[in-house]
Structure formats: C-alpha cells, structure tokens
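Data from my_file-v9.txt: compact mmCIF, C-alpha atoms and all ligand atoms
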# COMPACT_ATOMS: atom_id res chain seq x y z
CA MET A 3 73.11 87.19 134.33
CA LYS A 4 71.70 88.73 131.16
CA ASN A 5 71.42 92.48 130.71
CA ILE A 6 68.17 93.23 128.92
CA ALA A 7 67.27 96.73 127.78
CA VAL A 8 64.14 98.46 126.50
CA TYR A 9 64.16 101.47 124.25
CA PHE A 10 60.95 103.18 123.14
CA ALA A 11 60.70 106.04 120.67
CA ASN A 12 58.44 107.54 118.04
CA PHE A 13 60.79 106.41 115.28
CA ASN A 14 59.27 108.90 112.87
CA PRO A 15 61.27 107.52 111.07
CA ILE A 16 63.97 105.43 112.74
CA ASN A 17 67.41 106.45 111.47
CA LEU A 18 70.96 105.15 111.54
CA THR A 19 72.16 107.59 114.20
CA GLN A 20 69.61 106.02 116.56
CA ILE A 21 71.00 102.59 115.76
CA GLU A 22 74.51 103.88 116.37
CA PHE A 23 73.30 105.28 119.69
CA LEU A 24 71.94 101.85 120.67
CA GLN A 25 75.16 100.15 119.63
CA MET A 26 77.12 102.52 121.86
CA ALA A 27 74.70 101.95 124.73
CA LYS A 28 75.12 98.19 124.28
CA LYS A 29 78.88 98.55 124.54
CA GLU A 30 78.91 101.01 127.44
CA TYR A 31 76.45 99.09 129.62
CA SER A 32 77.32 95.55 128.40
CA LEU A 33 73.80 94.92 127.19
CA ASP A 34 72.92 91.52 125.76
CA GLU A 35 69.53 92.34 124.31
CA ILE A 36 67.71 95.53 123.33
CA ASN A 37 63.95 95.57 122.85
CA LEU A 38 62.76 98.34 120.57
CA ILE A 39 59.29 99.74 120.97
CA PRO A 40 58.14 101.95 118.10
CA LEU A 41 55.20 104.08 119.22
CA GLU A 42 52.24 104.90 117.08
CA GLN A 43 51.46 108.60 117.03
CA SER A 44 48.04 110.14 116.53
CA ARG A 45 47.53 112.95 114.04
CA LYS A 46 46.61 115.10 117.01
CA GLU A 47 50.18 114.81 118.27
CA ILE A 48 51.91 115.26 114.94
CA LEU A 49 50.54 115.57 111.43
CA ASN A 50 53.59 114.40 109.55
CA THR A 51 53.73 110.83 110.75
CA ILE A 52 53.44 107.36 109.22
CA SER A 53 51.49 104.25 110.20
CA ILE A 54 52.76 101.87 112.86
CA LYS A 55 53.02 99.26 110.10
CA ASP A 56 55.52 101.40 108.20
CA LYS A 57 57.39 102.26 111.41
CA LEU A 58 57.76 98.57 112.21
CA LYS A 59 58.89 97.79 108.68
CA LEU A 60 61.53 100.55 108.79
CA CYS A 61 62.75 99.36 112.22
CA GLU A 62 63.03 95.85 110.86
CA LEU A 63 65.08 97.10 107.89
CA ALA A 64 67.26 99.30 110.13
CA ILE A 65 68.27 96.50 112.49
CA LYS A 66 68.64 93.83 109.83
CA LYS A 67 72.04 92.42 110.84
CA LEU A 68 71.89 93.19 114.54
CA ASN A 69 70.42 90.09 116.11
CA TYR A 70 70.60 91.44 119.67
CA ILE A 71 67.89 93.97 118.83
CA LYS A 72 64.29 92.78 118.96
CA ILE A 73 61.13 94.66 118.11
CA LEU A 74 58.18 94.72 120.48
CA GLU A 75 54.93 95.47 118.68
CA ASN A 76 51.47 96.93 119.23
CA ASN A 77 51.94 100.10 121.14
CA THR A 78 50.28 103.44 120.79
CA THR A 79 51.29 106.53 122.75
CA GLU A 80 47.82 106.51 124.30
CA ASN A 81 47.91 103.07 125.86
CA PHE A 82 51.67 102.98 126.30
CA ASN A 83 52.58 101.73 129.75
CA ILE A 84 56.28 101.40 130.32
CA LEU A 85 55.85 99.92 133.81
CA LYS A 86 53.67 97.12 132.48
CA ILE A 87 56.18 96.36 129.71
CA LEU A 88 59.09 96.29 132.15
CA LYS A 89 57.14 94.10 134.59
CA ASN A 90 56.30 91.63 131.81
CA LEU A 91 59.91 91.47 130.73
CA LYS A 92 60.98 90.90 134.32
CA GLU A 93 58.45 88.08 134.60
CA GLN A 94 59.83 86.40 131.50
CA ASN A 95 63.48 86.97 132.47
CA LYS A 96 63.55 86.54 136.22
CA ASP A 97 67.32 86.31 136.50
CA SER A 98 68.13 89.24 134.27
CA ASN A 99 69.01 92.86 134.92
CA LEU A 100 66.62 95.26 133.27
CA PHE A 101 67.62 98.59 131.73
CA LEU A 102 65.53 101.35 130.25
CA ILE A 103 67.42 103.38 127.65
CA VAL A 104 66.26 106.96 127.30
CA TRP A 105 67.23 109.30 124.47
CA PRO A 106 69.35 112.05 126.11
CA TYR A 107 67.27 114.93 124.73
CA PHE A 108 64.09 113.21 125.94
CA LEU A 109 65.17 112.94 129.61
CA GLN A 110 63.59 116.21 130.70
CA TYR A 111 60.20 115.07 129.32
CA PHE A 112 60.66 111.52 130.48
CA VAL A 113 60.92 112.53 134.15
CA LYS A 114 57.71 114.55 133.82
CA LEU A 115 55.73 111.93 131.93
CA PHE A 116 56.68 108.79 133.85
CA ASP A 117 56.92 107.73 137.46
CA VAL A 118 60.71 107.53 137.66
CA GLU A 119 60.76 106.04 141.18
CA LYS A 120 58.51 103.16 140.12
CA VAL A 121 60.57 102.52 137.00
CA LEU A 122 63.74 102.47 139.10
CA GLU A 123 62.27 99.72 141.28
CA ILE A 124 62.30 97.44 138.23
CA ALA A 125 65.01 98.76 135.93
CA LYS A 126 68.05 101.00 135.75
CA ILE A 127 67.48 104.10 133.65
CA ILE A 128 70.43 104.69 131.35
CA THR A 129 71.55 106.91 128.52
CA ILE A 130 74.61 108.08 126.69
CA SER A 131 74.90 111.75 126.03
CA PRO A 132 76.77 114.12 123.74
CA PHE A 133 79.61 115.80 125.67
CA LYS A 134 78.13 119.25 125.32
CA ILE A 135 75.09 118.43 127.50
CA PHE A 136 76.62 115.71 129.64
CA ASN A 137 77.42 117.82 132.73
CA LYS A 138 74.04 119.48 132.67
CA LEU A 139 72.26 116.12 132.48
CA THR A 140 74.23 114.48 135.29
CA GLU A 141 73.43 117.41 137.57
CA GLU A 142 69.78 117.46 136.66
CA PHE A 143 69.13 113.71 136.81
CA PRO A 144 71.27 112.23 139.62
CA ASN A 145 69.41 108.89 139.72
CA ILE A 146 69.88 108.20 136.01
CA LEU A 147 73.07 106.61 134.69
CA ILE A 148 74.61 108.79 132.04
CA LYS A 149 77.81 108.18 130.12
CA PRO A 150 79.34 110.77 127.83
CA PHE A 151 79.84 110.02 124.19
CA GLU A 152 80.41 111.99 121.06
CA LEU A 153 77.30 111.42 119.01
CA ASN A 154 76.28 112.81 115.69
CA LEU A 155 72.55 112.67 116.13
CA ILE A 156 70.06 113.81 113.55
CA ASN A 157 66.81 115.35 114.60
CA SER A 158 63.82 113.45 113.10
CA LYS A 159 62.13 116.68 112.10
CA LYS A 160 65.16 117.62 110.02
CA LEU A 161 65.25 114.20 108.44
CA ARG A 162 61.55 114.37 107.51
CA ILE A 163 62.17 117.75 105.88
CA MET A 164 65.14 116.32 103.96
CA LEU A 165 62.93 113.49 102.73
CA ALA A 166 60.15 115.90 101.77
CA LEU A 167 62.66 117.91 99.74
CA ASN A 168 64.10 114.76 98.16
CA LYS A 169 67.60 115.41 99.54
CA ASP A 170 70.30 112.80 99.89
CA CYS A 171 69.51 110.92 103.13
CA SER A 172 71.86 107.98 102.59
CA GLU A 173 73.86 108.98 105.67
CA PHE A 174 70.82 108.36 107.88
CA LEU A 175 68.83 105.64 106.12
CA THR A 176 69.96 102.41 104.45
CA LYS A 177 69.13 101.72 100.82
CA PRO A 178 66.31 99.25 101.65
CA MET A 179 64.83 101.81 104.07
CA LEU A 180 64.95 104.52 101.41
CA LYS A 181 63.39 102.12 98.94
CA HIS A 182 60.50 101.39 101.30
CA ILE A 183 60.02 105.10 101.95
CA LYS A 184 60.05 105.93 98.24
CA GLU A 185 57.82 103.08 97.14
CA ASN A 186 55.24 103.90 99.76
CA LYS A 187 55.57 107.66 99.24
CA LEU A 188 56.29 108.22 102.92
CA TYR A 189 57.29 111.78 103.88
CA TYR A 190 57.85 112.75 100.27
CA GLY A 191 56.87 116.00 98.60
CA LYS A 192 55.53 119.44 99.37
CA GLU A 193 52.37 118.09 101.00
CA SER A 194 54.56 116.46 103.63
CA LEU A 195 56.59 119.66 104.00
CA TYR A 196 53.35 121.57 104.55
CA LEU A 197 52.31 119.14 107.33
CA GLU A 198 55.71 119.52 108.96
CA CYS A 199 55.49 123.31 108.78
CA TYR A 200 51.98 123.19 110.21
CA ASP A 201 53.30 121.49 113.36
CA ILE A 202 56.32 123.80 113.56
CA CYS A 203 54.17 126.90 113.23
CA LYS A 204 51.68 125.62 115.82
CA LYS A 205 54.50 124.97 118.27
CA ASN A 206 56.02 128.41 117.83
CA THR A 207 52.93 130.61 117.93
CA SER A 208 50.01 131.46 120.18
CA PHE A 209 46.50 130.28 119.32
CA LYS A 210 45.59 133.64 117.78
CA ARG A 211 48.80 133.99 115.77
CA PHE A 212 48.50 130.43 114.51
CA ALA A 213 44.97 131.14 113.29
CA HIS A 214 46.31 134.23 111.49
CA CYS A 215 49.06 132.16 109.84
CA ASN A 216 46.46 129.71 108.57
CA PHE A 217 44.27 132.48 107.18
CA VAL A 218 47.29 134.00 105.40
CA SER A 219 48.15 130.56 104.06
CA LYS A 220 44.65 130.23 102.60
CA ALA A 221 44.69 133.75 101.11
CA ALA A 222 48.15 133.11 99.62
CA GLU A 223 46.97 129.85 98.06
CA GLU A 224 44.03 131.60 96.40
CA LEU A 225 46.17 134.43 95.06
CA ALA A 226 48.77 131.96 93.79
CA LYS A 227 46.08 130.09 91.90
CA GLN A 228 44.92 133.30 90.33
CA TYR A 229 48.38 134.59 89.39
CA ASN A 230 49.75 131.23 88.23
CA GLU A 231 52.29 130.75 91.00
CA ASN A 232 53.03 127.53 92.90
CA THR A 233 50.03 127.09 95.22
CA MET A 234 51.75 124.66 97.58
CA ASP A 235 54.73 127.00 98.04
CA ALA A 236 52.28 129.83 98.68
CA LYS A 237 50.44 127.75 101.30
CA ILE A 238 53.73 127.01 103.07
CA ALA A 239 55.11 130.56 102.89
CA GLY A 240 51.79 132.00 104.09
CA LEU A 241 51.71 129.58 106.99
CA MET A 242 55.31 130.25 108.02
CA HIS A 243 55.54 134.01 107.41
CA ASP A 244 55.02 134.87 111.09
CA VAL A 245 56.67 131.81 112.63
CA MET A 246 59.14 134.05 114.55
CA LYS A 247 56.66 136.84 115.26
CA GLU A 248 56.26 136.05 118.94
CA LYS A 249 59.90 135.42 119.73
CA THR A 250 61.77 137.87 121.96
CA LYS A 251 64.20 140.43 120.57
CA LYS A 252 67.01 138.53 122.28
CA TYR A 253 65.99 135.29 120.58
CA MET A 254 65.94 136.91 117.14
CA LEU A 255 69.22 138.79 117.71
CA ASN A 256 70.76 135.44 118.57
CA ILE A 257 69.58 133.97 115.28
CA PHE A 258 71.11 136.94 113.42
CA LYS A 259 74.37 136.59 115.32
CA ASN A 260 74.64 132.82 114.88
CA HIS A 261 74.10 133.11 111.15
CA ASN A 262 76.23 136.22 110.59
CA PHE A 263 73.33 138.37 109.49
CA LYS A 264 73.80 142.11 109.75
CA LEU A 265 70.68 144.25 110.08
CA SER A 266 70.65 147.53 108.17
CA ARG A 267 70.35 150.69 110.27
CA THR A 268 66.66 151.16 109.48
CA GLU A 269 65.99 147.51 110.27
CA ALA A 270 67.97 147.66 113.50
CA ILE A 271 65.87 150.47 114.98
CA ASN A 272 62.60 148.75 114.05
CA PRO A 273 62.32 145.38 115.84
CA LYS A 274 58.79 144.95 114.45
CA VAL A 275 60.26 143.95 111.10
CA TRP A 276 62.82 141.52 112.44
CA HIS A 277 60.54 138.49 112.47
CA GLY A 278 60.45 138.30 108.65
CA ILE A 279 64.23 138.10 108.44
CA ALA A 280 64.52 135.80 111.48
CA GLY A 281 61.79 133.54 110.02
CA ALA A 282 63.66 133.26 106.73
CA ILE A 283 66.94 132.38 108.46
CA TYR A 284 65.18 129.90 110.75
CA MET A 285 63.54 128.14 107.81
CA GLU A 286 66.56 128.08 105.54
CA LYS A 287 69.48 127.56 107.91
CA ILE A 288 67.93 125.76 110.87
CA LEU A 289 65.18 123.71 109.24
CA GLY A 290 66.96 123.29 105.91
CA ILE A 291 64.00 124.43 103.80
CA ASP A 292 66.03 125.99 101.01
CA ILE A 293 63.24 126.88 98.61
CA LYS A 294 64.20 130.39 97.51
CA ASN A 295 60.63 131.37 96.63
CA ILE A 296 59.42 130.61 100.13
CA ILE A 297 62.44 131.99 101.99
CA ASN A 298 62.37 135.34 100.20
CA ALA A 299 58.62 135.69 100.57
CA VAL A 300 58.93 135.21 104.34
CA LYS A 301 61.91 137.53 104.49
CA TYR A 302 60.30 140.39 102.57
CA HIS A 303 56.77 140.18 103.95
CA THR A 304 57.49 142.91 106.50
CA VAL A 305 59.78 145.16 104.45
CA PRO A 306 59.40 144.73 100.70
CA ARG A 307 62.36 145.03 98.35
CA LYS A 308 62.78 146.82 95.06
CA ASP A 309 62.48 143.81 92.79
CA MET A 310 59.63 141.95 94.46
CA THR A 311 58.66 138.82 92.55
CA THR A 312 55.00 138.02 91.96
CA PHE A 313 55.29 135.30 94.57
CA GLU A 314 56.68 137.72 97.17
CA LYS A 315 53.91 140.20 96.40
CA ILE A 316 51.36 137.43 96.94
CA ILE A 317 52.57 136.71 100.49
CA PHE A 318 52.92 140.43 101.23
CA ILE A 319 49.32 141.05 100.21
CA ALA A 320 47.91 137.79 101.63
CA ASP A 321 49.17 138.97 105.03
CA ARG A 322 47.13 142.15 104.65
CA ILE A 323 43.90 140.69 103.27
CA SER A 324 43.61 137.43 105.26
CA LYS A 325 40.18 136.60 106.68
CA ASP A 326 41.12 137.58 110.22
CA ARG A 327 42.05 141.15 109.24
CA ILE A 328 39.61 143.87 110.25
CA TYR A 329 40.47 147.40 109.23
CA LYS A 330 38.83 150.16 107.25
CA ASP A 331 40.07 149.37 103.74
CA VAL A 332 40.38 145.61 103.95
CA VAL A 333 37.35 144.78 101.81
CA PHE A 334 38.54 147.20 99.15
CA LEU A 335 42.08 145.77 99.23
CA ARG A 336 40.75 142.21 98.91
CA LYS A 337 38.89 143.17 95.75
CA LEU A 338 41.86 145.10 94.40
CA ALA A 339 44.21 142.15 95.00
CA LYS A 340 41.95 139.97 92.87
CA LYS A 341 41.96 142.52 90.05
CA ASN A 342 45.56 143.74 90.06
CA LEU A 343 48.28 142.54 92.40
CA ASP A 344 50.64 145.48 91.74
CA GLU A 345 47.89 147.98 92.47
CA ALA A 346 47.23 146.18 95.74
CA VAL A 347 50.89 146.43 96.72
CA ILE A 348 50.98 150.14 95.79
CA TYR A 349 47.84 150.72 97.87
CA SER A 350 49.32 148.92 100.89
CA LEU A 351 52.63 150.74 100.58
CA LYS A 352 50.85 154.10 100.38
CA ASN A 353 49.12 153.25 103.65
CA THR A 354 52.30 152.03 105.34
CA ILE A 355 54.48 154.90 104.15
CA GLY A 356 51.70 157.40 104.99
CA SER A 357 51.38 156.22 108.55
CA LEU A 358 55.15 156.15 108.99
CA LEU A 359 55.37 159.74 107.76
CA LYS A 360 52.66 160.78 110.20
CA LYS A 361 54.51 159.38 113.20
CA GLU A 362 57.94 160.42 111.93
CA GLY A 363 59.04 156.81 111.55
CA THR A 364 61.90 155.82 109.29
CA ILE A 365 61.08 154.33 105.91
CA SER A 366 63.52 151.73 104.67
CA THR A 367 65.19 152.45 101.33
CA PRO A 368 64.03 149.15 99.72
CA THR A 369 60.40 150.03 100.60
CA VAL A 370 60.71 153.38 98.82
CA GLU A 371 62.47 151.70 95.90
CA CYS A 372 59.75 149.08 95.68
CA TYR A 373 57.08 151.79 95.67
CA ASN A 374 58.93 153.87 93.04
CA LYS A 375 59.43 150.90 90.78
CA LEU A 376 55.76 149.93 90.87
CA ILE A 377 54.69 153.53 90.19
CA LEU A 378 57.15 153.89 87.30
CA ASN A 379 55.95 150.57 85.84
CA LYS A 380 52.38 151.77 86.06
CA LYS A 381 53.15 155.13 84.40
CA TRP A 382 55.13 153.40 81.69
CA ARG A 383 52.25 151.02 81.05
CA ASN A 384 49.77 153.87 80.77
FE FE B 1 54.54 139.49 109.95
FE FE B 2 51.23 138.27 109.49
Kindly transcribe the structure held in the file into structure tokens.
Amino acid sequence: MKNIAVYFANFNPINLTQIEFLQMAKKEYSLDEINLIPLEQSRKEILNTISIKDKLKLCELAIKKLNYIKILENNTTENFNILKILKNLKEQNKDSNLFLIVWPYFLQYFVKLFDVEKVLEIAKIITISPFKIFNKLTEEFPNILIKPFELNLINSKKLRIMLALNKDCSEFLTKPMLKHIKENKLYYGKESLYLECYDICKKNTSFKRFAHCNFVSKAAEELAKQYNENTMDAKIAGLMHDVMKEKTKKYMLNIFKNHNFKLSRTEAINPKVWHGIAGAIYMEKILGIDIKNIINAVKYHTVPRKDMTTFEKIIFIADRISKDRIYKDVVFLRKLAKKNLDEAVIYSLKNTIGSLLKKEGTISTPTVECYNKLILNKKWRN
C-alpha cells in the first residue's frame, strides 16, 4: 500500500528548510509520494508576495532532484478546498493511505480554519515538530500525529527581508532559485522591504495607530525629499517608528532582557519612551533590518540624543507634524519644519521640556544635550 501525502503552504518563497522538513516527514512516516500545493496569496492578505507562476517555478527548482515530490497547481487561498483535494487523491489512489502534512507552527491556525474531523475521515494529519514545542503540541492536538525532530526552520518573513536587503541567502535557497529571484527582481530592494514593514506594522498596531504610522511615513518622505535624505528609508522609519507602541510593558521589558539592553534611570521610570528603543531592537535584532539610519531614527524618535543626524531629526519632526496630529501649534510647526529643520526640533523640544518642567517630570540628559547643542549651533551661526 502506498503512502501518499499532501502538503500545502504559501511558499512565499519556498526554502530549503521546508524541503528538509518534507524529507524528514517522508522518513518518519514512510511516505512514498508528497504532493506540494503552493497557494496564491492576494495582496489583501500580504503585500510582499509573488505571483503563483513564480511560486511554482521556485518550487520546481527547489525539488529538482527529489522525484517523490510532485507539484499540484492552480490553487488560490480563496478557492482552496483541502477536502476536495484529498477526496480527489483518494479517488485516484483507492488503495493508498492518505496523509496531510501540516507545518508545526501552523497547527493552531489549521484547526481553526479547517474541519479537522472531516479531514481525519480521509487522511491522517501529521507533522514533525522542533523539540522545544513538541510537548505543547501533543497536548494541544491529541488527534494529530506529531513526531519530534530538531529542525532549523527559517521564517519566510525573515527570508524575504534578507532578500530585500541583498544578504547571503545561499543557506536557504539553491543557486538556480536565487538566479530566478534575481533575474525577475522578486523580493529585492527597499520597495520590497517597505511592503514587508507595512504588513508587520499593520499586524502589530490598532487601526488608529496604523493610520498614524502611515501619516508619519508620508511626512517623513516629504521632509527627506526636501533635506536630501533617503526617501525610501524615511518612509520605512516613519512607518515603523511606533511599531511597539501598543505592546505591554512586560512585552517590551522582555525584549530588553532578551537582547541585554539596559535602560538608563530616566528611561526606566518613563515607560512612555520605551517603544522607540523596543522598536529599534525588534527591527534590528528580531527582523534583521540592520540599516543604521532607520534603526537610530526609530530609537531616538521618543528621546532625542545629542548628536541627532538630519535623518533622525526628520523622523522626530515627522511624528509631530503628521496629518493626523491636531494640537495648537501644529500648523506653525509644519511650516517651520519646511523652512528650517533644526528650528523645528528646537521648537518641539522647548514644548516637551516645558511641559515636563510644569509637571515635575524628569528630563533625560540626552534631550537636554540635544537642545543645548542646537541652541549653541544657532548662536554660533548668528
Ligand atoms: Fe512614538
Ligand atoms: Fe508616533
């Protein structure tokens, strides 16, 4: 009796750790044939995606020498019907055992999205899982066969970011796959990074906060154009500046702890400013976006530092003059920012420091240093 398996995924893009995963599944469950189903994604689901044609091509290149893997075509997430696919396969292979392979991290969504009982009538649901989540999974999903395995899986989002930043991806993609990606300009460049960040920001913020992030992104882009800074970097930094704004204190403290970041005393007693630092760590260490310009602008958008670069000043001000802002001086500050960026920062700092003085709040040393430096520069110029 043949053991036939089905494995569906977004494959955005398919990578070698997924192939390794399938090879292990084949071995563990004695599978004879694996049918891959790459799913087409709509731009509504995810902006940074590629066409089904390119997904199929990359799958084909990824499985080149593995003749037990076949590709099933023509599926979109909208009309995707796993029961129908399994039934068809059963029809064609009456004497075979059917298996549905599920990615371990997808199990929790899988059981919500699909009728597990109905699937189980036709096929066994199987997976292999990294040791660290194995016990949790077996408890949570008793009717799914799970075998532990040490896997070095790469998250597709991380891989897309690596491609966008032109990093070495040879560990995850074969040479022909990389060639196809490069020749067709898939995932490459800052535009792709922006799309990725757009989805990340949307996922991590409320509707209102996300709108604010987009307005800041737009304001930052305009200022960057005016002050000859990289407009794409400004768009990305503006978009991501508040990505951690709505996270709990505990969540942010965890990020600091995991990445050995020590808050200064003034920072520690003011959780309102934590999200800038947490955002910078999240982007650089967790997402792998190591563009210094962007990271520092996100980091210092809440508490400026003495030697603010023009780019950092742009994000700092864009956050205060974005279209969604309504406060007394905003129109004035918008005009000032267009005329003189330093004056706009001085004006904002005067407001911030003033209100902190009024309520007996602490003022961080770098903020005072930043203010002093700008004032001294101005006096020296005059
Ligand atoms: Fe902020
Ligand atoms: Fe903001």
Closest contacts (chain A/ligand FE 2 (chain B), max 8 Å, all atoms listed in the file) as a tab-separated table:
residue	atom	partner	partner_atom	distance
A:Arg211	CA	B:FE2	FE	8.0
A:His214	CA	B:FE2	FE	6.7
A:Cys215	CA	B:FE2	FE	6.5
A:Val218	CA	B:FE2	FE	7.1
A:His243	CA	B:FE2	FE	6.4
A:Asp244	CA	B:FE2	FE	5.3
A:Asp321	CA	B:FE2	FE	5.0
A:Arg322	CA	B:FE2	FE	7.4
Open item on the list: Using all atoms listed in the file, which residues have at least one atom no more than 7 Å from ligand FE 1 (chain B)? Output them as a list in words.
Closed with: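 Using all atoms listed in the file, everything at most 7 Å from ligand FE 1 (chain B) comes to His243, Asp244, Lys247, His277, Gly278, His303 and Thr304 of chain A.
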Open item on the list: Considering only C-alpha atoms, can you say which of A:Lys66, A:Lys360, A:Lys308, A:Lys205 comes closest to A:Lys375?
Closed with: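 Answer, going by the shortest atom-to-atom distance: A:Lys308.
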- [ ] Find the residues near A:Lys210: any atom within 12 Å, counting all atoms listed in the file, skip ones fewer than 6 places away on the same chain, and give them as a list in words.
- [x]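 Answer for this query is Cys203, Lys204, Asn216, Phe217, Asp244, Lys247, Glu248, Asp326 and Arg327 of chain A.
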Open item on the list: I'd like the contact shell of A:Glu75 - 8 Å cut-off, all atoms listed in the file, skipping same-chain residues fewer than 3 positions apart - returned as a PyMOL selection string.
Closed with: chain A and resi 39-40+58
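Interatomic distance, atom CA of A:Asn50 against atom CA of A:Lys184: 15.5 Å.
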Task: Closest of A:Thr129, A:Asn154, A:Thr312, A:Asn260 to A:Asn230 - atom-to-atom distances counting only C-alpha atoms - done: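 Checking each of A:Thr129, A:Asn154, A:Thr312, A:Asn260 against A:Asn230, counting only C-alpha atoms, the winner is A:Thr312.
Of the residues listed (A:Leu343, A:Gly240, A:Met179, A:Ser350), A:Leu343 shows the shortest atom-to-atom separation from A:Lys380; distances use only C-alpha atoms.
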Open item on the list: At a cut-off of 10 Å, using all atoms listed in the file, what residues contact A:Leu63? Leave out same-chain residues fewer than 6 positions from it and give the result as a list in words.
Closed with: Ile16, Lys57, Leu175, Thr176, Lys177, Pro178, Met179, Leu180 and His182 of chain A
Open item on the list: Just the number, please: distance in Å from atom CA of A:Asn95 to atom CA of A:Asn5, one decimal.
Closed with: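 Calculated distance between atom CA of A:Asn95 and atom CA of A:Asn5 is 9.8 Å.
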Open item on the list: When you count only C-alpha atoms, which of these residues is closest to A:Asp292: A:Ile319, A:Leu195, A:Cys372, A:Val347?
Closed with: A:Leu195
TODO: May I have the residues within 12 Å of A:Glu231 as number ranges by chain, using all atoms listed in the file and disregarding those fewer than 3 positions away in the same chain?
DONE: A: 222-228, 234-237, 295-296, 311-317
Task: Between atom CA of A:Leu100 and atom CA of A:Lys86, distance in Å (one decimal) - done: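 Going from atom CA of A:Leu100 over to atom CA of A:Lys86, I get 13.1 Å.
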Keeping just C-alpha atoms, export stretch 81-154 of chain A of this structure as a tab-separated table (two decimals), in the first residue's frame.
chain	number	residue	atom	x	y	z
A	81	ASN	CA	-10.98	28.74	-3.52
A	82	PHE	CA	-8.67	26.37	-1.68
A	83	ASN	CA	-10.56	23.28	-0.57
A	84	ILE	CA	-8.39	20.72	1.14
A	85	LEU	CA	-11.25	18.21	1.50
A	86	LYS	CA	-11.90	18.26	-2.23
A	87	ILE	CA	-8.19	17.78	-2.99
A	88	LEU	CA	-7.92	14.87	-0.56
A	89	LYS	CA	-11.09	13.27	-1.93
A	90	ASN	CA	-9.77	13.54	-5.50
A	91	LEU	CA	-6.48	11.97	-4.49
A	92	LYS	CA	-8.32	9.17	-2.72
A	93	GLU	CA	-10.38	8.58	-5.86
A	94	GLN	CA	-7.26	8.29	-7.97
A	95	ASN	CA	-5.39	6.15	-5.43
A	96	LYS	CA	-8.04	3.91	-3.94
A	97	ASP	CA	-5.62	1.53	-2.26
A	98	SER	CA	-3.36	4.14	-0.75
A	99	ASN	CA	-3.09	5.70	2.68
A	100	LEU	CA	-3.50	9.44	2.62
A	101	PHE	CA	-1.59	11.87	4.85
A	102	LEU	CA	-1.90	15.59	5.27
A	103	ILE	CA	1.35	17.21	6.42
A	104	VAL	CA	0.91	20.38	8.42
A	105	TRP	CA	3.69	22.82	9.28
A	106	PRO	CA	4.08	22.62	13.09
A	107	TYR	CA	3.71	26.37	13.66
A	108	PHE	CA	0.58	26.38	11.50
A	109	LEU	CA	-1.31	23.73	13.53
A	110	GLN	CA	-3.08	26.21	15.79
A	111	TYR	CA	-4.50	28.05	12.74
A	112	PHE	CA	-5.13	24.86	10.83
A	113	VAL	CA	-7.54	23.51	13.45
A	114	LYS	CA	-9.47	26.78	13.36
A	115	LEU	CA	-9.58	27.13	9.58
A	116	PHE	CA	-10.40	23.56	8.57
A	117	ASP	CA	-12.85	20.89	9.60
A	118	VAL	CA	-10.36	18.55	11.27
A	119	GLU	CA	-12.90	15.75	11.84
A	120	LYS	CA	-13.80	15.64	8.15
A	121	VAL	CA	-10.15	15.67	7.12
A	122	LEU	CA	-9.45	12.81	9.52
A	123	GLU	CA	-12.13	10.71	7.82
A	124	ILE	CA	-9.99	10.75	4.66
A	125	ALA	CA	-6.41	11.28	5.79
A	126	LYS	CA	-4.09	11.17	8.77
A	127	ILE	CA	-2.88	14.58	9.84
A	128	ILE	CA	0.84	14.51	10.54
A	129	THR	CA	3.72	16.79	11.36
A	130	ILE	CA	7.20	16.79	12.77
A	131	SER	CA	8.00	19.38	15.35
A	132	PRO	CA	11.02	21.06	16.89
A	133	PHE	CA	11.67	19.61	20.36
A	134	LYS	CA	11.00	22.88	22.12
A	135	ILE	CA	7.30	22.92	21.17
A	136	PHE	CA	6.75	19.19	20.82
A	137	ASN	CA	5.16	18.56	24.25
A	138	LYS	CA	2.90	21.56	23.94
A	139	LEU	CA	1.68	20.43	20.51
A	140	THR	CA	0.98	16.83	21.51
A	141	GLU	CA	-1.10	18.04	24.44
A	142	GLU	CA	-2.99	20.56	22.38
A	143	PHE	CA	-3.68	18.37	19.34
A	144	PRO	CA	-4.25	14.79	20.53
A	145	ASN	CA	-5.73	13.57	17.22
A	146	ILE	CA	-2.76	14.75	15.15
A	147	LEU	CA	0.35	12.60	14.77
A	148	ILE	CA	3.39	14.54	15.85
A	149	LYS	CA	6.98	13.33	15.92
A	150	PRO	CA	9.77	15.36	17.48
A	151	PHE	CA	12.70	16.44	15.41
A	152	GLU	CA	15.41	19.02	15.66
A	153	LEU	CA	14.69	21.41	12.84
A	154	ASN	CA	16.40	24.58	11.84
